[in-house]
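Source file entry31.cif; content: mmCIF, C-alpha atoms.
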```cif
data_upload
#
loop_
_atom_site.label_atom_id
_atom_site.label_comp_id
_atom_site.auth_asym_id
_atom_site.auth_seq_id
_atom_site.Cartn_x
_atom_site.Cartn_y
_atom_site.Cartn_z
CA MET A 1 -33.33 24.11 31.92
CA LYS A 2 -29.85 25.15 33.05
CA LYS A 3 -28.92 21.52 33.56
CA THR A 4 -29.72 20.70 29.93
CA ILE A 5 -27.53 23.54 28.71
CA VAL A 6 -24.62 22.32 30.81
CA ALA A 7 -25.15 18.77 29.57
CA VAL A 8 -25.21 19.87 25.95
CA ALA A 9 -22.11 22.03 26.47
CA ALA A 10 -20.34 19.08 28.05
CA LEU A 11 -21.21 16.89 25.06
CA LEU A 12 -19.99 19.53 22.65
CA LEU A 13 -16.71 19.68 24.55
CA GLY A 14 -16.46 15.93 24.17
CA THR A 15 -16.80 15.32 27.89
CA SER A 16 -18.43 12.04 28.89
CA SER A 17 -22.04 12.37 29.93
CA VAL A 18 -21.11 10.89 33.33
CA TYR A 19 -19.77 14.37 34.13
CA ALA A 20 -22.77 16.14 32.69
CA GLU A 21 -23.50 17.55 36.15
CA VAL A 22 -20.22 19.44 36.38
CA ILE A 23 -20.79 23.18 36.27
CA ALA A 24 -18.21 24.90 34.10
CA PRO A 25 -16.39 27.89 35.69
CA LYS A 26 -18.23 30.43 33.56
CA ASN A 27 -21.61 28.98 34.56
CA VAL A 28 -21.13 29.13 38.32
CA VAL A 29 -23.86 31.29 39.86
CA TYR A 30 -22.77 33.62 42.66
CA GLN A 31 -25.17 35.29 45.07
CA ASP A 32 -23.38 37.88 47.19
CA GLY A 33 -20.25 35.79 46.70
CA ALA A 34 -21.87 32.51 47.76
CA VAL A 35 -22.46 29.46 45.54
CA SER A 36 -25.29 27.31 46.85
CA LYS A 37 -25.26 24.59 44.18
CA SER A 38 -22.64 21.83 44.28
CA LEU A 39 -20.28 22.15 41.30
CA THR A 40 -20.47 18.40 40.62
CA GLY A 41 -23.48 16.95 42.40
CA VAL A 42 -21.04 14.51 44.02
CA ALA A 43 -20.53 15.00 47.74
CA GLY A 44 -17.07 16.35 48.60
CA ASP A 45 -14.57 14.05 50.31
CA PRO A 46 -12.96 15.84 53.27
CA ALA A 47 -9.92 13.53 53.31
CA ALA A 48 -9.21 14.23 49.64
CA GLY A 49 -9.88 17.90 50.32
CA ARG A 50 -7.32 17.96 53.10
CA LYS A 51 -4.72 16.64 50.64
CA ALA A 52 -5.65 19.14 47.92
CA PHE A 53 -5.50 21.94 50.52
CA LEU A 54 -1.89 21.01 51.27
CA ASN A 55 -0.69 20.08 47.78
CA ARG A 56 1.56 22.83 46.41
CA LYS A 57 0.37 22.19 42.86
CA GLN A 58 -3.32 22.19 43.82
CA GLY A 59 -4.80 24.37 46.57
CA ASN A 60 -1.52 25.19 48.32
CA CYS A 61 -3.81 26.98 50.78
CA LEU A 62 -1.27 26.56 53.58
CA ALA A 63 0.99 28.96 51.64
CA CYS A 64 -1.15 31.82 52.86
CA HIS A 65 -3.21 30.47 55.77
CA VAL A 66 -2.43 29.17 59.25
CA ASN A 67 -4.41 25.99 59.97
CA SER A 68 -4.04 24.36 63.40
CA ASP A 69 -5.53 21.11 62.06
CA MET A 70 -2.22 20.80 60.16
CA ALA A 71 0.03 21.64 63.11
CA ASP A 72 2.26 18.72 62.06
CA GLN A 73 3.14 20.60 58.86
CA PRO A 74 5.95 23.17 58.94
CA PHE A 75 5.53 26.63 57.43
CA HIS A 76 2.01 27.98 57.59
CA GLY A 77 1.59 31.18 55.60
CA GLU A 78 0.49 34.48 57.13
CA VAL A 79 -0.78 36.32 54.07
CA GLY A 80 -4.44 35.46 54.76
CA PRO A 81 -6.35 34.95 58.03
CA SER A 82 -6.12 31.74 60.07
CA LEU A 83 -8.66 29.17 58.91
CA ASP A 84 -9.26 27.77 62.38
CA GLY A 85 -13.00 27.55 62.95
CA VAL A 86 -13.74 28.82 59.46
CA ALA A 87 -16.92 26.71 59.17
CA THR A 88 -18.27 28.45 62.23
CA ARG A 89 -17.92 31.81 60.50
CA TRP A 90 -19.05 30.85 56.98
CA SER A 91 -21.74 28.59 55.51
CA GLU A 92 -20.99 25.85 53.00
CA ALA A 93 -22.31 28.00 50.14
CA GLU A 94 -20.15 30.93 51.21
CA LEU A 95 -17.07 28.73 51.46
CA ARG A 96 -17.75 27.28 47.99
CA GLY A 97 -17.93 30.84 46.68
CA ILE A 98 -14.72 31.91 48.48
CA VAL A 99 -12.75 28.93 47.15
CA SER A 100 -14.18 29.20 43.61
CA ASN A 101 -13.64 32.94 43.26
CA SER A 102 -12.86 34.84 46.44
CA LYS A 103 -12.95 38.14 44.54
CA LYS A 104 -16.76 37.90 44.62
CA THR A 105 -16.62 37.99 48.43
CA PHE A 106 -13.48 40.07 49.07
CA GLU A 107 -13.11 42.77 46.46
CA GLY A 108 -9.57 43.10 45.17
CA THR A 109 -8.25 40.29 47.37
CA ILE A 110 -4.83 38.78 46.78
CA MET A 111 -6.31 35.26 47.20
CA PRO A 112 -6.34 33.53 43.79
CA ALA A 113 -9.64 32.41 42.22
CA PHE A 114 -9.45 28.63 42.11
CA TYR A 115 -12.38 27.96 39.79
CA ILE A 116 -12.23 30.41 36.93
CA ASP A 117 -10.64 29.65 33.57
CA SER A 118 -10.49 32.99 31.78
CA GLY A 119 -9.53 36.59 32.37
CA TYR A 120 -5.90 35.71 33.13
CA ASN A 121 -3.18 38.17 32.12
CA ARG A 122 -0.24 36.41 30.36
CA PRO A 123 -0.86 32.92 31.80
CA LEU A 124 1.81 30.31 31.03
CA ASP A 125 0.56 28.26 28.07
CA LYS A 126 -0.01 25.13 30.12
CA PHE A 127 -2.37 26.97 32.48
CA ALA A 128 -4.21 29.10 29.91
CA GLY A 129 -7.93 28.41 29.75
CA LYS A 130 -7.75 26.14 32.82
CA SER A 131 -8.91 26.52 36.39
CA ILE A 132 -6.41 25.92 39.20
CA LEU A 133 -8.67 23.29 40.80
CA THR A 134 -11.15 20.90 39.23
CA ALA A 135 -14.79 21.17 40.25
CA GLN A 136 -14.46 18.05 42.39
CA GLN A 137 -11.32 19.36 44.11
CA VAL A 138 -13.28 22.50 45.02
CA GLU A 139 -16.06 20.32 46.47
CA ASP A 140 -13.51 18.21 48.38
CA ILE A 141 -11.79 21.29 49.84
CA VAL A 142 -15.14 22.81 50.82
CA ALA A 143 -16.06 19.51 52.55
CA TYR A 144 -12.74 19.66 54.37
CA LEU A 145 -13.23 23.31 55.39
CA MET A 146 -16.65 22.32 56.79
CA THR A 147 -14.81 20.16 59.34
CA LEU A 148 -12.94 23.21 60.71
CA LYS A 149 -15.34 24.23 63.46
CA THR A 150 -14.65 25.83 66.81
CA GLU A 151 -16.33 24.02 69.69
CA MET B 1 14.24 33.51 63.86
CA GLY B 2 13.06 29.90 63.48
CA PHE B 3 9.43 29.53 62.49
CA LYS B 4 7.27 27.63 64.94
CA PRO B 5 3.76 26.95 63.64
CA PHE B 6 2.18 26.49 67.07
CA VAL B 7 3.65 29.75 68.34
CA THR B 8 2.30 31.52 65.27
CA THR B 9 -1.11 30.01 65.82
CA ALA B 10 -1.11 31.24 69.38
CA LEU B 11 -0.09 34.69 68.20
CA ALA B 12 -2.65 34.61 65.41
CA ILE B 13 -5.38 34.01 67.96
CA MET B 14 -4.14 37.09 69.76
CA GLY B 15 -4.42 38.92 66.45
CA MET B 16 -0.73 39.29 65.63
CA ALA B 17 0.69 36.61 63.36
CA PHE B 18 4.25 37.88 63.10
CA ALA B 19 6.42 35.07 64.39
CA ALA B 20 8.88 35.61 61.55
CA GLN B 21 9.25 39.32 61.94
CA ALA B 22 12.41 40.75 60.45
CA ASP B 23 15.17 41.55 62.87
CA GLU B 24 15.48 45.24 62.19
CA ASN B 25 18.40 45.60 64.58
CA ALA B 26 20.65 43.15 62.77
CA LYS B 27 23.60 44.99 61.23
CA LEU B 28 25.26 44.11 57.96
CA VAL B 29 28.90 45.05 58.35
CA ILE B 30 31.29 43.75 55.70
CA ASP B 31 35.00 44.39 55.98
CA GLY B 32 34.38 47.15 58.51
CA GLN B 33 31.89 48.86 56.23
CA THR B 34 28.29 49.22 57.50
CA MET B 35 25.65 48.67 54.82
CA ILE B 36 22.44 50.66 54.84
CA THR B 37 19.86 47.88 55.04
CA GLN B 38 16.99 50.09 56.20
CA THR B 39 16.18 53.70 55.39
CA LYS B 40 13.36 56.11 54.57
CA ALA B 41 11.53 55.24 51.38
CA PRO B 42 12.08 57.65 48.48
CA ALA B 43 9.22 60.18 48.27
CA PHE B 44 7.91 58.69 45.01
CA VAL B 45 7.26 55.29 46.61
CA GLU B 46 3.65 55.77 47.55
CA ASN B 47 2.85 52.94 49.92
CA LEU B 48 6.02 52.39 51.95
CA ASP B 49 7.53 54.46 54.73
CA GLU B 50 10.70 52.44 55.16
CA ILE B 51 12.66 50.36 52.69
CA TYR B 52 14.66 47.27 53.63
CA SER B 53 17.31 45.20 51.95
CA GLY B 54 16.31 41.58 51.32
CA TRP B 55 19.17 40.64 53.69
CA VAL B 56 17.04 41.77 56.66
CA PHE B 57 14.49 39.01 55.96
CA ARG B 58 16.87 36.09 55.62
CA SER B 59 17.61 33.54 58.34
CA ASP B 60 20.51 34.09 60.73
CA GLU B 61 22.52 31.43 58.89
CA THR B 62 21.98 32.98 55.47
CA GLN B 63 22.68 36.46 56.81
CA ALA B 64 25.97 35.27 58.31
CA LEU B 65 27.27 34.12 54.92
CA GLN B 66 27.29 37.71 53.69
CA LEU B 67 29.24 39.13 56.62
CA ASP B 68 32.59 37.86 55.42
CA ASP B 69 33.75 37.63 51.82
CA PHE B 70 35.55 34.37 52.62
CA ASP B 71 32.24 32.79 53.63
CA ASN B 72 30.28 34.39 50.78
CA PRO B 73 29.94 31.67 48.11
CA GLY B 74 29.44 34.38 45.47
CA PHE B 75 33.14 35.20 45.60
CA VAL B 76 34.09 31.98 43.81
CA PHE B 77 32.37 33.49 40.78
CA LEU B 78 34.09 36.83 41.24
CA ASP B 79 37.41 35.10 40.61
CA GLN B 80 35.96 33.85 37.33
CA GLY B 81 34.81 37.40 36.66
CA ILE B 82 38.36 38.71 37.07
CA ASP B 83 39.65 36.07 34.62
CA LEU B 84 36.96 36.92 32.08
CA PHE B 85 37.66 40.62 32.49
CA ASN B 86 41.26 40.00 31.49
CA THR B 87 40.62 37.48 28.71
CA VAL B 88 41.10 38.62 25.11
CA ASP B 89 38.15 37.69 22.92
CA GLY B 90 36.81 38.69 19.49
CA SER B 91 38.22 40.09 16.24
CA GLU B 92 39.86 43.18 17.78
CA GLY B 93 42.21 41.26 20.07
CA LYS B 94 40.96 43.02 23.16
CA SER B 95 39.77 42.18 26.66
CA CYS B 96 37.65 44.36 28.96
CA ALA B 97 40.91 45.31 30.66
CA SER B 98 42.33 46.67 27.39
CA CYS B 99 39.94 49.61 27.69
CA HIS B 100 39.29 49.54 31.46
CA GLU B 101 42.68 49.17 33.07
CA ASN B 102 41.39 49.34 36.65
CA VAL B 103 38.13 47.64 37.40
CA GLU B 104 37.96 49.94 40.46
CA ASP B 105 37.17 52.76 38.07
CA PHE B 106 33.67 51.31 37.86
CA ALA B 107 32.96 52.43 41.43
CA GLY B 108 29.52 54.06 41.45
CA LEU B 109 28.24 52.53 38.23
CA ARG B 110 26.04 49.83 39.82
CA ALA B 111 24.28 52.45 41.93
CA LYS B 112 23.17 54.30 38.78
CA MET B 113 22.00 51.32 36.68
CA PRO B 114 19.84 50.98 34.72
CA ARG B 115 20.39 54.41 33.15
CA ILE B 116 19.50 56.43 30.10
CA LYS B 117 22.12 56.40 27.37
CA ASP B 118 21.50 58.01 23.99
CA GLY B 119 17.82 58.28 24.82
CA LYS B 120 17.52 54.56 25.53
CA LEU B 121 17.20 52.70 28.79
CA GLN B 122 20.34 50.64 29.29
CA THR B 123 21.04 47.84 31.79
CA MET B 124 24.51 46.81 32.91
CA GLU B 125 24.20 43.59 30.91
CA GLU B 126 23.49 45.60 27.77
CA GLN B 127 26.49 47.85 28.39
CA VAL B 128 28.74 44.81 28.76
CA ASN B 129 27.43 43.27 25.56
CA GLU B 130 27.75 46.58 23.73
CA CYS B 131 31.45 46.64 24.64
CA ARG B 132 31.84 43.04 23.55
CA THR B 133 30.21 43.45 20.16
CA THR B 134 31.23 46.97 19.10
CA ARG B 135 34.65 47.36 20.71
CA MET B 136 35.94 43.79 20.98
CA GLY B 137 34.27 42.28 17.95
CA ALA B 138 33.20 39.41 20.20
CA GLU B 139 29.94 37.49 20.53
CA PRO B 140 27.47 38.87 23.07
CA TRP B 141 27.10 36.85 26.26
CA LYS B 142 23.83 35.24 27.23
CA TYR B 143 21.82 37.79 29.25
CA SER B 144 21.90 35.88 32.55
CA GLY B 145 24.60 33.36 31.68
CA SER B 146 27.44 32.53 34.05
CA GLN B 147 29.97 34.74 32.22
CA MET B 148 27.67 37.74 32.31
CA THR B 149 26.76 37.40 35.99
CA ALA B 150 30.41 36.87 36.96
CA VAL B 151 31.47 40.09 35.22
CA THR B 152 28.48 42.19 36.32
CA ALA B 153 29.14 40.99 39.89
CA LEU B 154 32.76 42.11 39.60
CA ILE B 155 31.71 45.53 38.30
CA SER B 156 28.94 45.84 40.91
CA LEU B 157 31.28 44.95 43.77
CA GLN B 158 33.20 48.16 43.07
CA SER B 159 30.11 50.09 44.24
CA ARG B 160 29.51 48.06 47.38
CA GLY B 161 28.34 50.26 50.25
CA MET B 162 27.32 53.14 47.99
CA PRO B 163 23.65 54.12 48.12
CA VAL B 164 21.51 53.13 45.14
CA ASP B 165 20.70 56.30 43.23
CA VAL B 166 19.02 55.62 39.90
CA ALA B 167 17.54 58.54 38.01
CA VAL B 168 13.76 58.49 37.67
CA ASP B 169 13.00 61.84 36.09
CA GLY B 170 13.84 63.60 32.85
CA ALA B 171 14.46 61.15 30.02
CA ALA B 172 14.01 58.25 32.46
CA ALA B 173 10.46 59.26 33.39
CA PRO B 174 8.50 57.43 30.66
CA PHE B 175 10.44 54.20 31.28
CA TRP B 176 9.92 54.54 35.01
CA GLU B 177 6.16 55.05 34.54
CA LYS B 178 5.98 51.95 32.39
CA GLY B 179 7.89 49.93 34.99
CA LYS B 180 5.58 51.15 37.70
CA GLU B 181 2.55 50.06 35.72
CA ILE B 182 3.99 46.56 35.32
CA TYR B 183 4.84 46.41 39.04
CA TYR B 184 1.19 46.93 39.94
CA THR B 185 -0.30 44.70 37.23
CA ARG B 186 -1.55 41.25 38.20
CA TYR B 187 -0.27 38.42 36.04
CA GLY B 188 -0.73 34.70 35.57
CA GLN B 189 -3.19 32.09 36.69
CA LEU B 190 -2.62 33.13 40.32
CA ASP B 191 -3.39 36.72 39.31
CA LEU B 192 -0.79 38.43 41.48
CA ALA B 193 1.25 41.61 41.03
CA CYS B 194 4.75 42.24 42.34
CA ALA B 195 3.12 44.70 44.76
CA ASN B 196 0.77 42.06 46.19
CA CYS B 197 3.70 40.13 47.61
CA HIS B 198 6.50 42.66 48.00
CA GLU B 199 4.57 45.76 49.04
CA ASP B 200 1.32 44.53 50.64
CA ASN B 201 2.80 41.48 52.35
CA TYR B 202 6.52 41.92 52.93
CA ASP B 203 7.69 40.60 56.30
CA THR B 204 5.08 37.85 56.32
CA MET B 205 5.51 34.16 55.60
CA ILE B 206 4.24 32.72 52.35
CA ARG B 207 4.64 29.04 53.17
CA ALA B 208 8.38 28.61 53.86
CA ASP B 209 9.41 31.95 52.36
CA HIS B 210 9.78 35.11 54.40
CA LEU B 211 8.67 37.79 51.96
CA SER B 212 11.04 40.73 51.45
CA GLN B 213 10.35 43.95 49.57
CA GLY B 214 11.89 42.40 46.46
CA GLN B 215 14.71 44.97 46.33
CA VAL B 216 17.49 44.59 43.77
CA ASN B 217 20.34 46.33 45.63
CA GLY B 218 22.08 42.98 46.24
CA PHE B 219 22.25 41.76 42.63
CA PRO B 220 23.79 39.77 41.17
CA THR B 221 22.78 37.55 44.06
CA TYR B 222 24.23 34.21 45.04
CA ARG B 223 21.29 31.93 45.81
CA LEU B 224 21.71 28.84 47.97
CA LYS B 225 18.82 27.35 46.04
CA ASN B 226 20.68 27.14 42.71
CA ALA B 227 24.26 27.70 43.90
CA LYS B 228 25.07 30.38 41.35
CA LEU B 229 24.91 34.10 40.75
CA ASN B 230 21.48 35.29 39.61
CA SER B 231 20.65 38.34 37.55
CA ILE B 232 17.92 40.82 38.38
CA GLN B 233 15.79 39.92 35.38
CA GLY B 234 16.36 36.21 35.97
CA ARG B 235 14.75 36.75 39.38
CA PHE B 236 11.83 38.65 37.84
CA LYS B 237 11.33 35.71 35.49
CA GLY B 238 11.25 33.29 38.44
CA CYS B 239 8.67 35.35 40.32
CA MET B 240 6.45 35.56 37.24
CA LYS B 241 6.65 31.81 36.67
CA ASN B 242 5.72 31.24 40.30
CA VAL B 243 2.42 33.00 39.71
CA ARG B 244 2.05 30.86 36.57
CA ALA B 245 2.56 33.82 34.25
CA LYS B 246 4.45 33.89 30.97
CA PRO B 247 7.52 35.95 31.89
CA PHE B 248 8.74 38.80 29.72
CA LYS B 249 12.03 38.12 27.95
CA GLU B 250 15.32 39.05 29.61
CA GLY B 251 16.44 42.31 28.03
CA SER B 252 12.91 43.14 26.86
CA GLU B 253 11.60 46.69 27.11
CA GLU B 254 9.14 45.49 29.77
CA PHE B 255 11.75 43.93 32.06
CA LYS B 256 14.15 46.85 31.59
CA ALA B 257 11.45 49.30 32.62
CA LEU B 258 10.52 47.08 35.57
CA GLU B 259 14.19 46.89 36.59
CA LEU B 260 14.46 50.68 36.57
CA TYR B 261 11.32 51.04 38.65
CA VAL B 262 12.23 48.33 41.17
CA ALA B 263 15.81 49.65 41.47
CA SER B 264 14.44 53.14 42.18
CA ARG B 265 12.33 51.77 45.04
CA GLY B 266 15.67 50.93 46.64
CA ASN B 267 17.24 54.37 46.24
CA GLY B 268 19.12 54.94 49.49
CA LEU B 269 19.93 51.29 50.30
CA SER B 270 23.56 50.23 49.93
CA VAL B 271 24.69 48.27 46.92
CA GLU B 272 25.41 44.82 48.42
CA SER B 273 26.53 42.87 45.38
CA PRO B 274 27.20 40.02 45.50
CA SER B 275 24.60 39.34 48.19
CA VAL B 276 23.61 35.92 49.54
CA ARG B 277 19.99 34.81 49.57
CA ASN B 278 18.19 31.48 49.83
#
```

What do you get writing this file as structure tokens?
Amino acid sequence: MKKTIVAVAALLLGTSSVYAEVIAPKNVVYQDGAVSKSLTGVAGDPAAGRKAFLNRKQGNCLACHVNSDMADQPFHGEVGPSLDGVATRWSEAELRGIVSNSKKTFEGTIMPAFYIDSGYNRPLDKFAGKSILTAQQVEDIVAYLMTLKTE
Amino acid sequence: MGFKPFVTTALAIMGMAFAAQADENAKLVIDGQTMITQTKAPAFVENLDEIYSGWVFRSDETQALQLDDFDNPGFVFLDQGIDLFNTVDGSEGKSCASCHENVEDFAGLRAKMPRIKDGKLQTMEEQVNECRTTRMGAEPWKYSGSQMTAVTALISLQSRGMPVDVAVDGAAAPFWEKGKEIYYTRYGQLDLACANCHEDNYDTMIRADHLSQGQVNGFPTYRLKNAKLNSIQGRFKGCMKNVRAKPFKEGSEEFKALELYVASRGNGLSVESPSVRN
């Protein structure tokens, strides 16, 4: 039922039916902060996720988080906790929820919500109505985070 | 104070990720005069015990540039400021110097700005443009243009070493309250408030930047990044754009109120203009 609604919405927005599976930001279902359903139905690519994590115009996650897997990169941020072994602490669904909208997990957090597209206060025109990451970038980053396990 | 990721990681594991901690013992002495770069926070600043000049958080190399006016690249622009101060412009055939014979007479002004004048909140830029338009019959300068920053730097230098002391009560109170509200409001696609970075997270690294308290006691500031003097509200604009927010306009009621509030958070720190930052 939900799938049909998304598909119809996608058609109305003029999106190709190939992407009919993409869940729009406002339709993401959170359960205690976690999102169990893939946002795209396409498995995330950890290599692409690693790039989006680093990219200053995409995740820019390194701005706030130390990540030993990227020890070759200078300047790891210290605003958030280290992400070493993060997949040992959180499940895939929890990580998808934290990346999509961390405010559902950490109330009042400074970490930006990467998959919402409304509720912004004075956004620059070019970012208004848009999410920071695309649904697939979220999936890719979650797939990458899932590789960060402590032995 | 170089930043070494692997050291930080090791420290982070031990639960203390502060490799880039500010050197609180570093002293800023210019021309024999010791600047107050750290002091008790004013009582009305709710969430800070101590306040620090942005100088404290800069690298050793950047800090060094401010120790000697010959090394301080901002002083090139001060020479331009002196020329502009003495240049006749406008229909009345006057320069700033026609009314203000000694620029030294401006000692103390920077420390009090922005201030209330005739019931309105006034920034130094507005005062300069008021003189230009009403007394000189000249065109106003662009709010953060090179002429304006050169002259406000010259005027501000006369207060160097004096403690910031802007008024927050009386007629200033409603403006101050408004500025405070803006300071704590989250803006932009990244949904961050000034306080999120400069109060909650000062003295931590945000990627390559060592976050300061975002104090304005050093303005106008020479930035290595753009090799010019930068105004207070120009900096506010930059920080808002960084969180992908539509900045308020320079000279707007919002930015003036924010300037008053932010300046007041630095009450007690020395005026350092023109400071050097990256």

With a cut-off of 6 Å and counting all atoms listed in the file, select all residues of chain B in contact with chain A and give the selection as an MDAnalysis selection string.
-> chainID B and resid 187:190 204:208 244:246

Run the PyMOL selection byres ((chain B and resi 56) around 7) on the file and write out the hits as a PyMOL selection string.
-> chain B and resi 22-24+37+52-55+57-58

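Checking B:Gly268, B:Gly234, B:Gly90, B:Pro274 one by one against Ala153 (chain B), counting only C-alpha atoms, you find the shortest gap at B:Pro274.
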
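Straight-line separation from CA of Leu39 (chain A) to CA of Gly85 (chain A): 23.5 Å.
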
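A straight line drawn from CA of Glu46 (chain B) to CA of Ala111 (chain B) is 21.6 Å long.
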
The residue from B:Thr62, B:Ser156, B:Ser95, B:Gln80 with the smallest atom-to-atom distance to Cys131 (chain B), counting only C-alpha atoms, is B:Ser95

Report as a PDB file with C-alpha atoms, in the frame of the given file all protein, DNA and RNA residues lying within 7 Å of Leu65 (chain B), evaluated on only C-alpha atoms, omitting residues in the same chain fewer than 6 positions from it.
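The resulting file, selection.pdb, is shown below:
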```
ATOM      1  CA  ASP B  71      32.240  32.790  53.630  1.00  0.00           C
ATOM      2  CA  ASN B  72      30.280  34.390  50.780  1.00  0.00           C
ATOM      3  CA  VAL B 276      23.610  35.920  49.540  1.00  0.00           C
TER       4      VAL B 276
END
```

Ser36 (chain A) surroundings by all atoms listed in the file, 10 Å radius, close-in-sequence under 6 positions cut, as a PDB file with C-alpha atoms, in the frame of the given file:
```pdb
ATOM      1  CA  VAL A  28     -21.130  29.130  38.320  1.00  0.00           C
ATOM      2  CA  VAL A  29     -23.860  31.290  39.860  1.00  0.00           C
ATOM      3  CA  TYR A  30     -22.770  33.620  42.660  1.00  0.00           C
ATOM      4  CA  SER A  91     -21.740  28.590  55.510  1.00  0.00           C
ATOM      5  CA  GLU A  92     -20.990  25.850  53.000  1.00  0.00           C
ATOM      6  CA  ALA A  93     -22.310  28.000  50.140  1.00  0.00           C
ATOM      7  CA  GLU A  94     -20.150  30.930  51.210  1.00  0.00           C
ATOM      8  CA  LEU A  95     -17.070  28.730  51.460  1.00  0.00           C
ATOM      9  CA  ARG A  96     -17.750  27.280  47.990  1.00  0.00           C
ATOM     10  CA  GLY A  97     -17.930  30.840  46.680  1.00  0.00           C
TER      11      GLY A  97
END
```

Enumerate, as a ChimeraX atom specification, the residues matched when the PyMOL selection byres ((chain B and resi 115-130) around 10) is run on the file above.
-> /B:96,109-114,131-144,148-149,151-152,155-156,166-168,170-172,175-176,231,251,253,256-257,259-260

May I have the protein, DNA and RNA residues with any atom at most 7 Å from the point (17.8, 54.6, 51.8), counting all atoms listed in the file, written as an MDAnalysis selection string?
-> chainID B and resid 36 38:41 51 163 266:269

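Residues in contact with Phe77 (chain B) at 12 Å, where only C-alpha atoms are counted and same-chain residues fewer than 6 positions away are skipped, are listed as Asp69, Asp83, Leu84, Gly145, Ser146, Gln147, Met148, Thr149, Ala150, Val151, Thr152, Ala153, Leu154, Leu157, Pro220, Thr221, Tyr222, Ala227, Lys228, Leu229, Asn230, Ser273 and Pro274 of chain B.
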
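We find CA of Asp31 (chain B) and CA of Asp165 (chain B) to be spaced 22.6 Å apart.
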
Rebuild region 211-222 of chain B to N, CA, C and O atoms - output it as a compact mmCIF listing (two decimals), in the frame of the given file, please.
```txt
# COMPACT_ATOMS: atom_id res chain seq x y z
N LEU B 211 8.73 36.82 53.05
CA LEU B 211 8.67 37.79 51.96
C LEU B 211 9.45 39.06 52.28
O LEU B 211 9.26 39.68 53.33
N SER B 212 10.32 39.46 51.34
CA SER B 212 11.04 40.73 51.45
C SER B 212 10.32 41.76 50.58
O SER B 212 9.27 41.47 50.00
N GLN B 213 10.92 42.93 50.46
CA GLN B 213 10.35 43.95 49.57
C GLN B 213 10.78 43.75 48.12
O GLN B 213 10.47 44.58 47.27
N GLY B 214 11.49 42.66 47.84
CA GLY B 214 11.89 42.40 46.46
C GLY B 214 12.82 43.48 45.92
O GLY B 214 12.69 43.89 44.77
N GLN B 215 13.75 43.93 46.76
CA GLN B 215 14.71 44.97 46.33
C GLN B 215 15.82 44.34 45.50
O GLN B 215 16.12 43.16 45.63
N VAL B 216 16.45 45.14 44.64
CA VAL B 216 17.49 44.59 43.77
C VAL B 216 18.90 45.11 44.11
O VAL B 216 19.83 44.91 43.34
N ASN B 217 19.04 45.76 45.29
CA ASN B 217 20.34 46.33 45.63
C ASN B 217 21.44 45.28 45.84
O ASN B 217 22.61 45.62 45.87
N GLY B 218 21.07 44.02 45.99
CA GLY B 218 22.08 42.98 46.24
C GLY B 218 22.50 42.20 45.00
O GLY B 218 23.29 41.27 45.10
N PHE B 219 22.00 42.58 43.84
CA PHE B 219 22.25 41.76 42.63
C PHE B 219 23.57 42.12 41.97
O PHE B 219 23.99 43.27 42.06
N PRO B 220 24.19 41.16 41.23
CA PRO B 220 23.79 39.77 41.17
C PRO B 220 23.87 39.10 42.55
O PRO B 220 24.74 39.42 43.33
N THR B 221 22.94 38.20 42.77
CA THR B 221 22.78 37.55 44.06
C THR B 221 23.18 36.08 43.97
O THR B 221 22.79 35.40 43.01
N TYR B 222 23.96 35.64 44.96
CA TYR B 222 24.23 34.21 45.04
C TYR B 222 23.07 33.57 45.78
O TYR B 222 22.76 33.96 46.91
```
